[in-house]
Amino acid sequence: MLTLAAQMLRHRKGGFTATFVALAAGVAVLMACALLVESAWHYRGQAQRYAKAVAVVADRDLTVSTELFGETERTTVTLPERGGVPASLADRLAVVPGVERAVGDRFLAVTATSAPDVPVTGHGWASAVLAPYRTVEGGPPRSDGEIAVDARLLAGTGLGPGDSTQIITGGASRTYRISGVVEAGDAGTSGAGGSGGAVLFFTDAHAARLDPHRERFDAVGVLAAPDADRAALLAGVREAAGAAGATTYTGDDRGLAEQPEARTARDFVLQAGGAFGGYAAVIIAFAVAGTVGLSVRHRRRDLALLRAVAATPGQVRRMILGETGLLALLAAVAGVPLGLLATGWIRDELVTRGFAPGSFTVRGGLLSGAAVTVAMAAVALTSAWIAARRTTRIRPTEALGEAAVEPGPGSRARAVTGLVFLAGAVSLIGLTGATDGQTALGAAVGMLYTFVLAVALLAPWINRAAARLLGPVLQAVWGTSGHLAAANLRANARGTVAVLTALVLSVGLGGSVWFLQDNLRRQTVVQSRDGTLAQHALVSGTGLPESATEEARRIPGVTAATGVRRTSVVVPGDLETRAVVAQGIDPRGADRTLDLRVRSGSLTGLAKDTVAVSTATADAAGWELGGTARLWLGDGTPVTLKVVALYERGFGFGDVTLHTGTLTGHTVTGLDDRILVRTGPDADAGTLEALNGLAARYPAASVVGTDTLTGELAQDLAVSGWLNKLLITVLAGYALLAAANTLIMAALARTRELSLLRLVGVTRGQVKRMVHAEQAGLLGVALAIGGTIAAVTLTSVVNAVTGQRVPYVPAAGWLGIVGGTVALALVATMLPVGRLLRTPPVQGIGIRE
């Protein structure tokens with residue numbers, strides 16, 4: 001039967017081409033998802049500054065245990081602000097048997113004015129041994145006014161040992177003499193091509209004075225003695241680190257200690273690739289099942305003839321499975337390389353847009369390719385087997401007669417199952433409304449797919465009911481052709497299941513998930529714009545000290561000035577512990593620069609031991625006004641604060657608002673990001689001039705209008721939403737491809753039908769009008785159902801996530817989705833029908849299905 005299956009592939013190119021396209025595109029999409037997940041699974045950052053260390057002790061993660069349904073669930077969150085370890089830990093590690101040295105490393109945020117575009121960090125000279133770095137010119141720093149500089153930082157500047165340069169750190173610019181130039185040793189990862197950024201070294205004493213966290217080290221690197229027992233040494237290091245609540249990183253994991261952003265990128269790519277892969281798998285399963293099933297249904301006469309000439313049911317099934325298996329293998333040969341190319345492009349875009357460090361690379365492929373090939377083959381073979389069951393179960397003498405008649409809409413079991421899925425989708429509406437954040441989004445996507453699955457199961461009855469309801473309308477518009485169209489829709493109710501499902505899926509997906517991103521972006525921008533009462537902002541990429549806010553308040557014409565420090569904090573939830581955006585402010589005069597739309601309480605009560613939270617976060621965490629909120633600051637420090645205000649504008653200003661004093665010592669820079677300035681009616685040109693003068697006293701600072709901040713926020717959101725838009729485009733595009741595939745297959749299978757109509761006197765024009773009427777009816781049903789599903793899904797999730805009862809839907813977007821779907825359906829139908837009508841009817845009536 002395999003030989004016969006191969007011959008069938010050769011002689012029935014039309015239907016098999018459509019199946020191949022669906023399978024190959026599905027393999028490419030899933031391959032890209034799987035390879036991203038595999039690459040992220042292997043990714044551990046890149047150990048550059050710690051290449052010589054046998055172990056690195058640091059505190060980069062927070063693990064929280066919660067009770068869920070009687071079981072303990074542990075959630076690990078990467079700390080947003082690089083948690084540190086006690087400085088005394090270095091002394092305890094130094095006495096572990098086998099340890100030659102335990103070197104504490106300080107991480108200082110610095111900017112070199114001679115090379116402002118080069119990412120650079122500052123460290124104490126003692127940590128240079130951990131790479132190790134070697135001095136290629138000059139010598140190490142020996143006084144507070146000297147620094148040793150990475151060769152990468154001096155490239156193209158013309159500076160060298162003995163020259164002076166300006167370094168910005170701690171919100172101030174200082175002049176240092178370059179004592180020496182250093183390069184990485186034999187690690188090979190930190191040289192000129194290193195992706196971890198350049199470094200510069202202060203003396204250890206000066207680095208400690210510059211560090212806002214003097215009592216802590218960012219990490220401690222452990223160097224092993226030449227004759228050390230490696231296993232015993234690591235066991236001792238882990239014991240000492242565990243007692244201090246820190247983690248020991250060894251091997252490739254040292255890169256996670258050096259680059260915490262690598263862990264964040266790793267988790268992000270794992271989650272994005274896994275979630276997108278799951279969504280794509282469901283859509284692809286729908287599409288492949290519909291395409292394969294339609295291909296088998298269109299060959300009922302061939303299969304019936306085989307049964308009539310004594311082919312056994314098992315032989316026919318093996319032939320169909322053989323055809324599908326061969327197509328799946330061919331699709332893998334084409335789809336896997338396409339997936340590899342797509343993954344490489346996505347990786348480059350992720351790095352360019354800041355989602356992942358430059359050290360993130362595409363790794364693996366063999367495991368992903370094998371898994372995707374097996375999964376796609378399993379879906380295709382299962383679909384083929386299900387589609388062939390009806391033909392292979394009937395008796396040989398009834399086979400040809402069975403093929404000539406369109407089967408009924410379906411079994412009672414199918415109808416009951418469809419109603420169950422419909423009820424489940426309706427129940428998910430309530431679940432979406434009762435949750436928020438990612439939980440609400442997940443419930444909404446589940447609701448979308450459950451609705452589509454219910455439509456797929458109930459499609460035969462939906463098509464019949466729609467044909468009866470639309471019959472008078474079609475006849476009134478298209479006359480006799482409309483009457484024929486309604487009759488065809490009723491008779492072929494089961495045959496158009498795949499077409500209806502694909503169209504509903506594409507409209508429902510594009511009209512819900514795509515517009516969700518627009519709603520989130522718009523809500524954030526609107527809240528930020530409407531909630532910012534200040535007209536001016538003093539901003540600096542290197543940070544501003546609290547004293548700058550006090551100076552701004554003393555300027556004539558300034559009625560209020562508020563320093564804002566952006567960070568993230570970790571909050572618990574019923575289902576997950578997560579990091580949320582937070583801000584630290586000085587509440588003095590904040591009511592004149594910010595309007596967070598406080599629903600209850602007041603920001604005047606904001607102090608070091610209190611907190612204000614958004615209503616969405618309060619609901620998720622179970623916090624109430626006047627109660628306590630237990631959370632973790634960005635560096636992992638646990639705090640318990642009293643809730644003094646609940647506000648609504650969490651999208652625009654962050655879900656948690658703290659007093660600046662609460663954040664002191666718990667952020668990397670210890671500085672404000674911006675100062676919001678409100679001027680009064682008596683302000684004049686002198687006020688703005690004084691503000692510009694204040695900005696000139698701080699490095700890299702400037703005065704901008706707050707509308708500029710809103711514009712920059714919109715651009716940042718566009719960048720961050722790029723990946724979601726890309727994923728949605730791929731999903732909706734595949735759904736449209738599946739719809740086009742099924743429409744073309746359905747049209748090409750009508751050769752005998754259309755030829756028969758022409759032989760009994762129906763003109764070519766009437767046939768075209770009939771097909772137009774059919775498409776109008778089918779598209780009308782698909783757009784109505786898909787649009788309803790999209791509206792319910794979008795409204796539910798937007799209301800849950802943003803609190804807006806009416807979602808924002810751009811007119812151009814809906815016109816694009818509806819117009820694109822209609823145009824695609826017409827092109828995918830009328831082009832093949834036009835080709836069929838060019839075939840003489842006498843010749844067409846003799847062509848097999």
# chains A, B, ... in the order shown; residues from 1 in each chain; ligands from 1
call {"tool": "select_by_dssp", "arguments": {"residues": "segment 495-595 of chain A", "states": "strand (DSSP E or B)", "output": "PyMOL selection string"}}
result
chain A and resi 532+536-544+558-571+578-585+594
call {"tool": "closest_residue", "arguments": {"among": "A:Leu422, A:Arg697, A:Arg752, A:Met830", "to": "Lys768 of chain A", "atoms": "only C-alpha atoms"}}
result
A:Met830
call {"tool": "closest_residue", "arguments": {"among": "A:Ala467, A:Leu759, A:Thr250, A:Pro460", "to": "Gly482 of chain A", "atoms": "only C-alpha atoms"}}
result
A:Ala467
call {"tool": "select_by_dssp", "arguments": {"residues": "segment 681-756 of chain A", "states": "alpha helix (DSSP H)", "output": "VMD selection string"}}
result
chain A and resid 685 to 696 706 to 720 722 to 748 751 to 756
call {"tool": "residues_around", "arguments": {"residues": "Ala275 of chain A", "least_positions_apart": "3", "cutoff": "12 Å", "atoms": "only C-alpha atoms", "output": "NGL selection string"}}
result
:A and (30 or 33-34 or 36-37 or 267-272 or 278-282 or 438 or 441-442 or 445-446 or 724 or 727-728)
call {"tool": "residues_around", "arguments": {"residues": "Val54 of chain A", "least_positions_apart": "4", "cutoff": "9 Å", "atoms": "only C-alpha atoms", "output": "PDB file with all heavy atoms, in the first residue's frame"}}
result
ATOM      1  N   TYR A  50      34.229  36.631  35.597  1.00  0.00           N
ATOM      2  CA  TYR A  50      34.417  35.566  36.568  1.00  0.00           C
ATOM      3  C   TYR A  50      34.952  34.285  35.926  1.00  0.00           C
ATOM      4  O   TYR A  50      34.760  33.186  36.445  1.00  0.00           O
ATOM      5  CB  TYR A  50      33.083  35.254  37.265  1.00  0.00           C
ATOM      6  CG  TYR A  50      32.487  36.422  38.001  1.00  0.00           C
ATOM      7  CD1 TYR A  50      31.110  36.606  38.045  1.00  0.00           C
ATOM      8  CD2 TYR A  50      33.292  37.351  38.657  1.00  0.00           C
ATOM      9  CE1 TYR A  50      30.547  37.676  38.724  1.00  0.00           C
ATOM     10  CE2 TYR A  50      32.746  38.437  39.330  1.00  0.00           C
ATOM     11  CZ  TYR A  50      31.375  38.588  39.357  1.00  0.00           C
ATOM     12  OH  TYR A  50      30.828  39.658  40.023  1.00  0.00           O
ATOM     13  N   GLY A 221      33.784  36.114  44.249  1.00  0.00           N
ATOM     14  CA  GLY A 221      34.399  35.108  43.400  1.00  0.00           C
ATOM     15  C   GLY A 221      35.377  34.272  44.202  1.00  0.00           C
ATOM     16  O   GLY A 221      36.170  34.801  44.989  1.00  0.00           O
ATOM     17  N   VAL A 222      35.332  32.960  43.989  1.00  0.00           N
ATOM     18  CA  VAL A 222      36.173  32.032  44.744  1.00  0.00           C
ATOM     19  C   VAL A 222      37.234  31.452  43.810  1.00  0.00           C
ATOM     20  O   VAL A 222      36.903  30.881  42.760  1.00  0.00           O
ATOM     21  CB  VAL A 222      35.332  30.899  45.357  1.00  0.00           C
ATOM     22  CG1 VAL A 222      36.236  29.899  46.088  1.00  0.00           C
ATOM     23  CG2 VAL A 222      34.284  31.477  46.310  1.00  0.00           C
ATOM     24  N   LEU A 223      38.509  31.606  44.192  1.00  0.00           N
ATOM     25  CA  LEU A 223      39.625  31.033  43.451  1.00  0.00           C
ATOM     26  C   LEU A 223      40.135  29.809  44.205  1.00  0.00           C
ATOM     27  O   LEU A 223      40.306  29.844  45.428  1.00  0.00           O
ATOM     28  CB  LEU A 223      40.748  32.051  43.296  1.00  0.00           C
ATOM     29  CG  LEU A 223      40.387  33.349  42.556  1.00  0.00           C
ATOM     30  CD1 LEU A 223      41.570  34.319  42.580  1.00  0.00           C
ATOM     31  CD2 LEU A 223      39.980  33.043  41.118  1.00  0.00           C
ATOM     32  N   ALA A 224      40.360  28.741  43.483  1.00  0.00           N
ATOM     33  CA  ALA A 224      40.781  27.481  44.103  1.00  0.00           C
ATOM     34  C   ALA A 224      42.297  27.394  44.159  1.00  0.00           C
ATOM     35  O   ALA A 224      43.006  27.852  43.254  1.00  0.00           O
ATOM     36  CB  ALA A 224      40.213  26.297  43.326  1.00  0.00           C
ATOM     37  N   ARG A 230      38.317  19.687  44.386  1.00  0.00           N
ATOM     38  CA  ARG A 230      37.257  20.526  43.834  1.00  0.00           C
ATOM     39  C   ARG A 230      35.886  20.204  44.438  1.00  0.00           C
ATOM     40  O   ARG A 230      35.127  21.113  44.789  1.00  0.00           O
ATOM     41  CB  ARG A 230      37.225  20.354  42.312  1.00  0.00           C
ATOM     42  CG  ARG A 230      36.223  21.257  41.583  1.00  0.00           C
ATOM     43  CD  ARG A 230      36.637  22.712  41.679  1.00  0.00           C
ATOM     44  NE  ARG A 230      37.931  22.952  41.110  1.00  0.00           N
ATOM     45  CZ  ARG A 230      38.127  23.310  39.834  1.00  0.00           C
ATOM     46  NH1 ARG A 230      37.094  23.452  39.018  1.00  0.00           N
ATOM     47  NH2 ARG A 230      39.347  23.540  39.392  1.00  0.00           N
ATOM     48  N   LEU A 234      33.737  22.927  46.705  1.00  0.00           N
ATOM     49  CA  LEU A 234      32.413  23.411  46.310  1.00  0.00           C
ATOM     50  C   LEU A 234      31.373  23.094  47.379  1.00  0.00           C
ATOM     51  O   LEU A 234      30.458  23.898  47.625  1.00  0.00           O
ATOM     52  CB  LEU A 234      32.009  22.805  44.968  1.00  0.00           C
ATOM     53  CG  LEU A 234      32.828  23.260  43.760  1.00  0.00           C
ATOM     54  CD1 LEU A 234      32.344  22.570  42.492  1.00  0.00           C
ATOM     55  CD2 LEU A 234      32.749  24.775  43.594  1.00  0.00           C
ATOM     56  N   TYR A 249      27.149  29.671  42.195  1.00  0.00           N
ATOM     57  CA  TYR A 249      27.101  29.455  40.752  1.00  0.00           C
ATOM     58  C   TYR A 249      28.432  28.855  40.310  1.00  0.00           C
ATOM     59  O   TYR A 249      29.502  29.404  40.606  1.00  0.00           O
ATOM     60  CB  TYR A 249      26.854  30.766  40.009  1.00  0.00           C
ATOM     61  CG  TYR A 249      25.533  31.416  40.333  1.00  0.00           C
ATOM     62  CD1 TYR A 249      25.407  32.266  41.435  1.00  0.00           C
ATOM     63  CD2 TYR A 249      24.415  31.197  39.542  1.00  0.00           C
ATOM     64  CE1 TYR A 249      24.195  32.874  41.742  1.00  0.00           C
ATOM     65  CE2 TYR A 249      23.195  31.802  39.836  1.00  0.00           C
ATOM     66  CZ  TYR A 249      23.105  32.638  40.933  1.00  0.00           C
ATOM     67  OH  TYR A 249      21.894  33.234  41.223  1.00  0.00           O
ATOM     68  N   THR A 250      28.363  27.742  39.588  1.00  0.00           N
ATOM     69  CA  THR A 250      29.575  27.095  39.083  1.00  0.00           C
ATOM     70  C   THR A 250      29.418  26.805  37.598  1.00  0.00           C
ATOM     71  O   THR A 250      28.301  26.837  37.052  1.00  0.00           O
ATOM     72  CB  THR A 250      29.850  25.779  39.836  1.00  0.00           C
ATOM     73  OG1 THR A 250      28.738  24.881  39.621  1.00  0.00           O
ATOM     74  CG2 THR A 250      30.020  26.025  41.321  1.00  0.00           C
ATOM     75  N   GLY A 251      30.535  26.496  36.946  1.00  0.00           N
ATOM     76  CA  GLY A 251      30.487  26.143  35.528  1.00  0.00           C
ATOM     77  C   GLY A 251      29.859  27.232  34.688  1.00  0.00           C
ATOM     78  O   GLY A 251      30.102  28.435  34.886  1.00  0.00           O
ATOM     79  N   ARG A 254      27.980  30.445  36.069  1.00  0.00           N
ATOM     80  CA  ARG A 254      28.638  31.669  36.515  1.00  0.00           C
ATOM     81  C   ARG A 254      28.186  32.866  35.688  1.00  0.00           C
ATOM     82  O   ARG A 254      28.179  34.007  36.165  1.00  0.00           O
ATOM     83  CB  ARG A 254      30.153  31.508  36.432  1.00  0.00           C
ATOM     84  CG  ARG A 254      30.746  30.523  37.425  1.00  0.00           C
ATOM     85  CD  ARG A 254      32.202  30.271  37.107  1.00  0.00           C
ATOM     86  NE  ARG A 254      32.365  29.736  35.744  1.00  0.00           N
ATOM     87  CZ  ARG A 254      33.538  29.612  35.129  1.00  0.00           C
ATOM     88  NH1 ARG A 254      34.650  29.984  35.752  1.00  0.00           N
ATOM     89  NH2 ARG A 254      33.603  29.125  33.912  1.00  0.00           N
TER      90      ARG A 254
END
call {"tool": "closest_residue", "arguments": {"among": "A:Arg674, A:His659, A:Arg521, A:Lys642", "to": "Lys608 of chain A", "atoms": "only C-alpha atoms"}}
result
A:His659
call {"tool": "residues_around", "arguments": {"residues": "segment 549-564 of chain A", "least_positions_apart": "4", "cutoff": "7 Å", "atoms": "only C-alpha atoms", "output": "MDAnalysis selection string"}}
result
chainID A and resid 583:586 589:590 592:593 672:680 682:683 687 690
call {"tool": "write_last_selection", "arguments": {"atoms": "N, CA and C atoms", "output": "compact mmCIF listing (two decimals), in the first residue's frame"}}
result
# COMPACT_ATOMS: atom_id res chain seq x y z
N GLN A 583 7.54 52.77 41.68
CA GLN A 583 8.22 54.06 41.69
C GLN A 583 8.37 54.53 43.13
N GLY A 584 9.47 55.24 43.36
CA GLY A 584 9.68 55.87 44.65
C GLY A 584 9.57 57.38 44.49
N ILE A 585 8.82 58.04 45.37
CA ILE A 585 8.63 59.49 45.27
C ILE A 585 8.72 60.10 46.67
N ASP A 586 9.01 61.39 46.69
CA ASP A 586 8.89 62.18 47.91
C ASP A 586 7.48 62.78 47.88
N GLY A 589 4.25 67.71 48.02
CA GLY A 589 3.83 68.37 46.79
C GLY A 589 3.52 67.43 45.65
N ALA A 590 3.53 66.12 45.90
CA ALA A 590 3.28 65.16 44.81
C ALA A 590 1.87 65.29 44.25
N ARG A 592 0.49 67.88 43.42
CA ARG A 592 0.48 68.94 42.40
C ARG A 592 1.27 68.57 41.16
N THR A 593 2.02 67.48 41.22
CA THR A 593 2.77 67.03 40.03
C THR A 593 2.24 65.73 39.46
N ASP A 672 17.55 59.28 41.56
CA ASP A 672 16.27 59.47 40.88
C ASP A 672 16.49 59.46 39.36
N ASP A 673 15.47 59.01 38.64
CA ASP A 673 15.54 59.00 37.17
C ASP A 673 15.12 60.34 36.59
N ARG A 674 14.19 60.99 37.27
CA ARG A 674 13.67 62.27 36.76
C ARG A 674 13.11 63.09 37.90
N ILE A 675 12.95 64.37 37.64
CA ILE A 675 12.31 65.26 38.60
C ILE A 675 11.17 65.96 37.87
N LEU A 676 9.95 65.77 38.32
CA LEU A 676 8.79 66.42 37.73
C LEU A 676 8.62 67.80 38.36
N VAL A 677 8.48 68.82 37.52
CA VAL A 677 8.46 70.21 38.00
C VAL A 677 7.16 70.86 37.56
N ARG A 678 6.41 71.39 38.54
CA ARG A 678 5.17 72.14 38.27
C ARG A 678 5.45 73.61 38.52
N THR A 679 5.15 74.43 37.53
CA THR A 679 5.33 75.88 37.66
C THR A 679 3.98 76.55 37.82
N GLY A 680 3.99 77.70 38.48
CA GLY A 680 2.75 78.41 38.75
C GLY A 680 2.50 79.54 37.76
N ASP A 682 2.95 82.58 38.07
CA ASP A 682 3.95 83.64 38.09
C ASP A 682 5.26 83.23 37.42
N ALA A 683 5.29 82.02 36.87
CA ALA A 683 6.52 81.56 36.21
C ALA A 683 6.73 82.34 34.92
N THR A 687 12.22 81.40 35.00
CA THR A 687 12.04 80.10 35.68
C THR A 687 12.63 78.98 34.84
N ALA A 690 16.35 79.14 34.85
CA ALA A 690 16.92 78.62 36.09
C ALA A 690 16.90 77.09 36.11
call {"tool": "atom_distance", "arguments": {"atom1": "atom CA of Val818 of chain A", "atom2": "atom CA of Leu509 of chain A"}}
result
12.2 Å
call {"tool": "residues_around", "arguments": {"residues": "Thr203 of chain A", "least_positions_apart": "5", "cutoff": "9 Å", "atoms": "only C-alpha atoms", "output": "number ranges by chain"}}
result
A: 123-126, 140-148, 208
